[in-house]
Structure formats: C-alpha cells, structure tokens
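See structure below.
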Amino acid sequence: MPQDGQRRSRGMRTSPLGTAPRPAYPTPMEAIRIKNLVKRYTHTLAVDDISFTLAPGKILGLLGGNGAGKTTTISMLLGLLTPTSGHITVLGHDMARDRFPALQRMNFSSPYIALPARLTVRENLEVYGHLYNVQRLKTRIGELAEQFNLTTLLNRAAGELSAGQKTRVALAKSLINKPELLLLDEPTASLDPDTGDYVRTMLEAYRRDTGAAILLASHNMAEVERLCDEVLMMKTGKIVDRGAPDELITRYGREDLEQVFLDIARSGAVNTESEAL
Amino acid sequence: MNRRIWGLIYRHICMYRRSWPRVVEIAYWPTLNMLIWGFTSSYIAHAHAGPRALAAGALIGGVLLWEITLRSQMGVTIGFLEEIWSRNLGHLFVSPLRPAELIGALAVVSAFRTLVGLFPATIIAYLLYRYDIFAPGPVMLLFFANLLFMGWWMALGIVSLLFRYGAGAEALAWTLAFGITPLACVYYPIAALPVWLQPFAQALPAAYIFEGMRSALAGLPLDWGKLAYASVLNMAWMLAALAIFAGEFRRARINGALISIGE
C-alpha cells in the first residue's frame, strides 16, 4: 500500500481515475427522480411514500437505522425490486419500463454482495467489463488497478483477498463502466481508516472529474459529512428530514451528524418530513 | 456474439479452468453410468444372441442419449446455482444483462458441459463395448439437439422454482430429471408402461426420440413424423417454461426474492 501522502497526491491529479473530464449532461436532467415511492410487503410497509431527486455531480447520503428502508430504496433504484406504487426515473429512463439503458450507465457497490471467489481480480473485472460493454477494457482495468492499488492483486483469486481488499475490488468493479450514477452501500465498511480515507478521496475525485451523481448509504457519519451535499434521514420507511449536513447539524443544535442521527433514531414518534421541516 | 452473453460464458470458463473437481464432476456420472450399463449390456449381448443383443445395444445408446438431457439440464441449473453460491446474482441483476441473455449464456455453458461430460463415456462405449453412437448417421444430431433442448426447458422450470423457493429448492437441480426417467421411456417402448401412465410419457419428447433411436439401431426406417412431433413438443414445453420463468422472475422482483434468493 502506498503511504497516505502518496495517495493524496495521486488523488489530486486532474483525472485521478484515468478518465477524461466528462462534459456536463447535455440537458439539465436529474440523475434520480423518485416520486411518491411505496414498497409494501405482505405484512410490512418498507418504504412509505418518499420523493426526492439527485442532480448530476451531487452526492446524496441516505441515512437511517436498520430497517429504515435504505436498502429497499436502493434495490428499487437498481431494478431488483418492483415498487408497489410511485415512479422512479434514472438518468431519464423510467425504471419500470426501460431499466436496461439506465443500468448500462450506472453501477453499484456493496460489501454485502460478493464477486466470484474462484476468479482472479482481473478476471472479475474482465467479466463485468464485458457485461457493461466497456471499450478498451484492458486499459480500463489497468487504470482502475492503479487507482485502487490493485496491481499486485490482479492475478490473485478474489476469495483469497482480505475484506478490505475485496471492498477495493468491488469499488473498482463499480467504476468499470465510468458510471454517470453510482450507488454505494457502505462503501468503506471493512476498510481501515487509512484506506477508507483513500477511497473517499477517490470518490470525491471521480465525482469532480466526471460529473457523476452518487447515492451513498452509510452508517459512517463522518464519511457522510465529508462527502455528501445533501442527506436524507430515513426512519421506518419515511424520509423524516433532509438537508445539507451542516444545515442539519445547525437545525438540531448539535456538533456533528452522528448526534443528529441519534436524535432522530431515538425520537419516539416518527415525524413525517413536513413535520420535521 | 452478444458481449454480455460472452461475459457470462467467460466467467464460467474462468471458473472451470481453476477448479478441476468441477471438471471431474461433469464427466464422472456419465462415465460411471456407461461403465455399469456397458458391462451389463456386454454380458447380455454375449449370453444371448439375436434380439437380446440388440436390446443390449439399445441400453448403451439409451444411457448415452439420456445423459445428454440430464447434463444439459444440470448445466443450466448448476450454472445458475454457482451465481447463488458465490453471492454474485445481485451484481448480475443490477448489470445491463437481460434475463434472456442470462438464459442464453447458461445454455451455451450447458452445451459445453454436456459435450465435455459425454466425451469420455462415448469413447468408453466405443473402446470397451464396440458401440458407436454415431453409427446411425447424421440423424443422431437431431436426437442430440432435441434431448439438449429438453434439458434446457426442464432447467428453466427448476430455475423458476429457485426464484420462488430460494436455494432451498436446490436439491431439485440434482433430482428432478432423474425423477422423470421412467416416463422418458429411455430403455423400453411407451407400450411397456401401464395404460394410465402412457399419456404422461406421450407428452414428453424423450419417449419419441428413444423410440426413434431404437428403430435406427434395429436398422428400421426412421419415423420422421414422430421426430417432428417430438420437436414440436419440445418447442411447446420451452414456450411454457419461458412463460413460467418470466412470471417467476417478475414475482421475484415484487417480493424481493432476487435479493434473498441465497437464503
């Protein structure tokens, strides 16, 4: 692993992910538009009438305790789950009727979904490069290997890697197609603080260089404070509050986002967003 | 070839070239079956001349041909189960890979598995028992294709059950095709079944294919009508299996089974 200073200097390059700066979106269009989204299982209301948008180039944090509805919301955004009602538009595509063109332009990473353990890191990236129809795949893998410090791991089986190395491989996979929208579920879980900081720097650089939008679900409040332009606080399927991290901290009269999170999580009643605001 | 389909095929190629137990498993049962039934047939053929010797040949042919269906069915279902076991389905289903492309890739992998799995058994049949599966001529390719196709629609049915019941239905991948063997009339004509069972056998393409194979081995002219009927039946079953698969996939996206399928 390179030293932290080396990483930071690498992260400060014009195109630290080996990508040419991408022009802005041709038309002002939300990366995500969710309207009145509901997901009801037989006995559970997992997501209860939420609406939000995410603009290109912005990072939106999705916060909430276990069972708040974050994973369900992300699953619906990815097309893994069909909403009970409401609308999801991703990069201009209606996910109910036209999800594959959107999936081509987005990507996802979660430490809770694995990559085939028998395959080497390089093979895994090749497989996903083919699935996303990545051009000049060998070059792209080289870029990602350098940026995520995977060069020496490329020929190692994914199953032999440490948890932190696997997370870095999963993140490299999630950038293989230079996504315009990146959905991240706990992107720095299992990473030591040094590597976690490195990954956060990479994500900031990726957003800056490509204009990509990022939706981030995380329990790491310091990470959310650092990365996110706006935060949605979810509780029992509802969005109970939203705003920029600093704005939320000021509004709740707290010192950091973790205290805000605890205030919301421990409040007895579930406020609707309008009540909270 | 569609690049997404190739991507998934490449994933399986990489897996097999790093896992010799998986490669051995592909050929193990067909080879073992061929040895058991080959020696049995050989004994019958030497002990009894005439029609019984012909029956011995039909037994070896039946073993080889039925393995095509069994292996092609397992090729698709095990290919799908590999994604569940490696917890990779989530990544696949959020990629631009269409469900039809997933099926297409698994069918190609299954065809390769079948060829690799049956190669040693075919060689053993020829070297040990002087049985040449290709002796009846090019018509055998039509038998092969129909049996391969039959394995695929059976596999789609099993994958649909995996969507509905999760990995708990995994045992069906290994057992379902064996369960319908009595109705496939691999070693005997449909007429050998009780009258009440015959309609079930007649609904399966395999019964007509094996009747055709026995005719070919006996040097009788092939009943092209029956072969065509078997092909039509195969198409009908495939359409039904695709409809069931599409329905179960849609249902899995509603109830969250795509996320929890490995549990």
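How things are named: the first chain in the structure tokens is A, the next is B, and so on; residues count from 1 in each chain; ligands count from 1 in the order shown.
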
*Please provide as a PyMOL selection string all residues within 12 Å of Gly137 in chain B, with the sequence filter that same-chain residues fewer than 3 positions apart are discarded (counting only C-alpha atoms).*
chain B and resi 132-134+140-144+213+216-217+219+222

Using only C-alpha atoms, which residues of chain A come within 8 Å of chain B, and what is the closest atom pair for each, with the distance in Å to one decimal? Give it as a Markdown table, sorted by chain and residue number.
| residue | atom | partner | partner_atom | distance |
| --- | --- | --- | --- | --- |
| A:Tyr41 | CA | B:Asn255 | CA | 6.8 |
| A:Leu78 | CA | B:Val94 | CA | 5.7 |
| A:Gly79 | CA | B:Val94 | CA | 6.8 |
| A:Leu80 | CA | B:Arg253 | CA | 5.7 |
| A:Leu81 | CA | B:Arg253 | CA | 4.5 |
| A:Thr82 | CA | B:Ile254 | CA | 4.9 |
| A:Pro83 | CA | B:Ile254 | CA | 7.2 |
| A:Thr84 | CA | B:Ile254 | CA | 7.9 |
| A:Phe100 | CA | B:Pro96 | CA | 5.2 |
| A:Pro101 | CA | B:Pro96 | CA | 7.3 |
| A:Leu103 | CA | B:Pro96 | CA | 5.2 |
| A:Gln104 | CA | B:Pro96 | CA | 5.2 |
| A:Asn107 | CA | B:Ser95 | CA | 7.3 |
| A:Phe108 | CA | B:Val94 | CA | 7.5 |
| A:Ile113 | CA | B:Arg87 | CA | 5.9 |
| A:Ala114 | CA | B:Arg87 | CA | 5.3 |
| A:Leu115 | CA | B:Asn88 | CA | 5.5 |
| A:Pro116 | CA | B:Ser86 | CA | 5.3 |
| A:Ala117 | CA | B:Ser86 | CA | 6.7 |
| A:Arg118 | CA | B:Met15 | CA | 6.0 |
| A:Leu119 | CA | B:Met15 | CA | 6.1 |
| A:Glu123 | CA | B:Cys14 | CA | 7.2 |
| A:Asn124 | CA | B:Arg11 | CA | 7.5 |
| A:Glu126 | CA | B:Gly7 | CA | 7.7 |
| A:Val127 | CA | B:Gly7 | CA | 4.9 |
| A:Tyr128 | CA | B:Gly7 | CA | 7.0 |
| A:Gly129 | CA | B:Gly7 | CA | 7.8 |
| A:His130 | CA | B:Gly7 | CA | 4.8 |
| A:Leu131 | CA | B:Arg4 | CA | 4.3 |
| A:Tyr132 | CA | B:Pro96 | CA | 6.5 |
| A:Asn133 | CA | B:Arg3 | CA | 6.5 |

Could you please take those selected residues and save N, CA and C atoms as an mmCIF file, in the first residue's frame?
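Contents of result.cif, freshly written:
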data_model
loop_
_atom_site.group_PDB
_atom_site.id
_atom_site.type_symbol
_atom_site.label_atom_id
_atom_site.label_comp_id
_atom_site.auth_asym_id
_atom_site.auth_seq_id
_atom_site.Cartn_x
_atom_site.Cartn_y
_atom_site.Cartn_z
ATOM 1 N N TYR A 41 -44.659 -4.956 1.520
ATOM 2 C CA TYR A 41 -44.686 -6.416 1.510
ATOM 3 C C TYR A 41 -45.975 -6.844 2.208
ATOM 4 N N LEU A 78 -32.193 0.116 -8.390
ATOM 5 C CA LEU A 78 -31.395 -0.778 -9.223
ATOM 6 C C LEU A 78 -32.243 -1.735 -10.056
ATOM 7 N N GLY A 79 -33.544 -1.704 -9.841
ATOM 8 C CA GLY A 79 -34.416 -2.604 -10.598
ATOM 9 C C GLY A 79 -34.503 -3.996 -10.017
ATOM 10 N N LEU A 80 -33.928 -4.205 -8.828
ATOM 11 C CA LEU A 80 -34.024 -5.524 -8.191
ATOM 12 C C LEU A 80 -35.396 -5.739 -7.579
ATOM 13 N N LEU A 81 -36.054 -4.653 -7.256
ATOM 14 C CA LEU A 81 -37.370 -4.706 -6.616
ATOM 15 C C LEU A 81 -38.342 -3.836 -7.413
ATOM 16 N N THR A 82 -39.553 -4.326 -7.539
ATOM 17 C CA THR A 82 -40.584 -3.533 -8.202
ATOM 18 C C THR A 82 -41.351 -2.747 -7.145
ATOM 19 N N PRO A 83 -41.471 -1.439 -7.308
ATOM 20 C CA PRO A 83 -42.223 -0.664 -6.315
ATOM 21 C C PRO A 83 -43.702 -1.063 -6.296
ATOM 22 N N THR A 84 -44.313 -0.895 -5.140
ATOM 23 C CA THR A 84 -45.764 -1.120 -5.057
ATOM 24 C C THR A 84 -46.492 0.016 -5.780
ATOM 25 N N PHE A 100 -32.945 -1.152 -18.588
ATOM 26 C CA PHE A 100 -31.622 -1.602 -19.024
ATOM 27 C C PHE A 100 -30.722 -0.478 -19.565
ATOM 28 N N PRO A 101 -31.260 0.480 -20.329
ATOM 29 C CA PRO A 101 -30.379 1.596 -20.741
ATOM 30 C C PRO A 101 -29.839 2.377 -19.534
ATOM 31 N N LEU A 103 -29.337 1.013 -16.490
ATOM 32 C CA LEU A 103 -28.372 0.137 -15.810
ATOM 33 C C LEU A 103 -27.014 0.168 -16.518
ATOM 34 N N GLN A 104 -27.028 0.362 -17.821
ATOM 35 C CA GLN A 104 -25.778 0.453 -18.586
ATOM 36 C C GLN A 104 -24.945 1.651 -18.138
ATOM 37 N N ASN A 107 -23.881 2.107 -11.807
ATOM 38 C CA ASN A 107 -23.248 0.935 -11.222
ATOM 39 C C ASN A 107 -23.473 0.963 -9.719
ATOM 40 N N PHE A 108 -23.049 -0.098 -9.085
ATOM 41 C CA PHE A 108 -23.404 -0.319 -7.687
ATOM 42 C C PHE A 108 -22.282 -1.059 -6.990
ATOM 43 N N ILE A 113 -22.492 -7.928 -1.219
ATOM 44 C CA ILE A 113 -22.637 -8.771 -2.408
ATOM 45 C C ILE A 113 -21.229 -9.099 -2.870
ATOM 46 N N ALA A 114 -20.976 -10.381 -3.093
ATOM 47 C CA ALA A 114 -19.596 -10.802 -3.385
ATOM 48 C C ALA A 114 -19.350 -10.888 -4.885
ATOM 49 N N LEU A 115 -18.092 -11.000 -5.225
ATOM 50 C CA LEU A 115 -17.693 -11.339 -6.587
ATOM 51 C C LEU A 115 -17.215 -12.788 -6.558
ATOM 52 N N PRO A 116 -17.325 -13.508 -7.687
ATOM 53 C CA PRO A 116 -16.939 -14.923 -7.685
ATOM 54 C C PRO A 116 -15.540 -15.144 -7.106
ATOM 55 N N ALA A 117 -15.477 -15.988 -6.086
ATOM 56 C CA ALA A 117 -14.240 -16.136 -5.326
ATOM 57 C C ALA A 117 -13.145 -16.863 -6.099
ATOM 58 N N ARG A 118 -13.535 -17.765 -7.004
ATOM 59 C CA ARG A 118 -12.538 -18.549 -7.748
ATOM 60 C C ARG A 118 -11.822 -17.718 -8.800
ATOM 61 N N LEU A 119 -12.501 -16.686 -9.282
ATOM 62 C CA LEU A 119 -11.926 -15.873 -10.353
ATOM 63 C C LEU A 119 -10.903 -14.900 -9.781
ATOM 64 N N GLU A 123 -9.897 -11.263 -13.791
ATOM 65 C CA GLU A 123 -10.998 -11.957 -14.473
ATOM 66 C C GLU A 123 -12.348 -11.371 -14.066
ATOM 67 N N ASN A 124 -12.487 -11.079 -12.767
ATOM 68 C CA ASN A 124 -13.743 -10.469 -12.326
ATOM 69 C C ASN A 124 -13.989 -9.139 -13.040
ATOM 70 N N GLU A 126 -12.744 -8.248 -15.872
ATOM 71 C CA GLU A 126 -12.995 -8.533 -17.300
ATOM 72 C C GLU A 126 -14.449 -8.942 -17.513
ATOM 73 N N VAL A 127 -14.945 -9.816 -16.634
ATOM 74 C CA VAL A 127 -16.338 -10.270 -16.767
ATOM 75 C C VAL A 127 -17.283 -9.065 -16.741
ATOM 76 N N TYR A 128 -17.090 -8.198 -15.745
ATOM 77 C CA TYR A 128 -18.002 -7.050 -15.640
ATOM 78 C C TYR A 128 -17.744 -6.020 -16.741
ATOM 79 N N GLY A 129 -16.521 -5.961 -17.204
ATOM 80 C CA GLY A 129 -16.239 -5.100 -18.358
ATOM 81 C C GLY A 129 -17.024 -5.548 -19.580
ATOM 82 N N HIS A 130 -17.103 -6.865 -19.774
ATOM 83 C CA HIS A 130 -17.898 -7.391 -20.891
ATOM 84 C C HIS A 130 -19.390 -7.119 -20.658
ATOM 85 N N LEU A 131 -19.842 -7.353 -19.428
ATOM 86 C CA LEU A 131 -21.274 -7.164 -19.152
ATOM 87 C C LEU A 131 -21.699 -5.713 -19.382
ATOM 88 N N TYR A 132 -20.770 -4.778 -19.116
ATOM 89 C CA TYR A 132 -21.091 -3.350 -19.311
ATOM 90 C C TYR A 132 -20.576 -2.837 -20.662
ATOM 91 N N ASN A 133 -20.101 -3.756 -21.492
ATOM 92 C CA ASN A 133 -19.641 -3.406 -22.840
ATOM 93 C C ASN A 133 -18.595 -2.281 -22.815
#

*Give me, please, the distance in Å between CA of Glu30 in chain A and CA of Ala55 in chain A, quoted to one decimal.*
4.7 Å

*Between A:Arg33, A:Lys70, A:Arg122, A:Lys235, which one has atoms that come closest to Arg266 in chain A, using only C-alpha atoms?*
A:Lys235

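Non-sequential neighbours of Leu128 in chain B (distance at most 10 Å, separation of 5 or more positions within a chain, only C-alpha atoms) are Leu35, Gly38, Phe39, Ser42 and Ile123 of chain B.
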
Generate the output file for the selected residues, N, CA, C and O atoms, as a compact mmCIF listing (two decimals), in the first residue's frame.
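Output saved as out_32.txt:
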# COMPACT_ATOMS: atom_id res chain seq x y z
N LEU B 35 -19.96 -47.26 -17.62
CA LEU B 35 -19.25 -48.47 -17.21
C LEU B 35 -20.23 -49.51 -16.66
O LEU B 35 -20.19 -50.69 -17.04
N GLY B 38 -22.72 -50.46 -19.49
CA GLY B 38 -21.97 -51.03 -20.60
C GLY B 38 -21.60 -52.48 -20.33
O GLY B 38 -21.80 -53.35 -21.18
N PHE B 39 -21.11 -52.74 -19.12
CA PHE B 39 -20.76 -54.13 -18.78
C PHE B 39 -22.01 -55.00 -18.71
O PHE B 39 -22.00 -56.16 -19.11
N SER B 42 -22.97 -55.67 -22.20
CA SER B 42 -22.00 -56.58 -22.79
C SER B 42 -22.28 -58.02 -22.36
O SER B 42 -22.23 -58.95 -23.17
N ILE B 123 -16.24 -42.39 -25.69
CA ILE B 123 -15.00 -43.10 -26.02
C ILE B 123 -15.01 -44.49 -25.37
O ILE B 123 -14.66 -45.50 -26.00

*Polymer residues at most 10 Å from range 158-170 of chain B, only C-alpha atoms, same-chain spacing of 3 or more positions, as a ChimeraX atom specification*: /B:73-74,76-78,80-81,84-85,103,152-155,173-177,241-253,255-258,260-263

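Among the candidates A:Leu184, A:Thr73, A:His93, A:Asn66, the residue lying nearest to Ala213 in chain A is A:Leu184 (atoms considered: only C-alpha atoms).
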
*Which neighbours of Leu232 in chain A fall inside 7 Å, counting only C-alpha atoms, when residues of the same chain fewer than 4 positions from it are skipped, and could you give them as a list of chain:residue names?*
A:Gly61, A:Leu62, A:Leu63, A:Ile239, A:Asp241, A:Arg242, A:Gly243

*asked:* List the spatial neighbours of Glu67 in chain B as a ChimeraX atom specification - criterion: any atom at most 9 Å away, only C-alpha atoms, same-chain residues fewer than 6 positions off excluded.
replied: /B:29-30,33,114,117-118,147

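Atom pair CA of Pro179 in chain A / CA of Glu258 in chain A has a distance of 29.6 Å (rounded to one decimal).
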
_I need the strand (DSSP E) residues of range 36-267 of chain A per DSSP on the backbone, written as a ChimeraX atom specification._
/A:36-40,45-54,59-64,85-90,93-94,106-109,181-185,213-217,230-235,238-243

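Of the residues under consideration (B:Gly61, B:Ala56, B:Glu211, B:Ser231), B:Gly61 shows the shortest atom-to-atom contact distance to Ala135 in chain B when counting only C-alpha atoms.
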
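Of note, CA of Ala68 in chain A and CA of Gly237 in chain A are spaced 5.2 Å apart.
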
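The list of residues with at least one atom within 7 Å of Glu225 in chain A, based on only C-alpha atoms and without residues fewer than 4 positions apart in the same chain, reads Met221, Pro245 and Leu257 of chain A.
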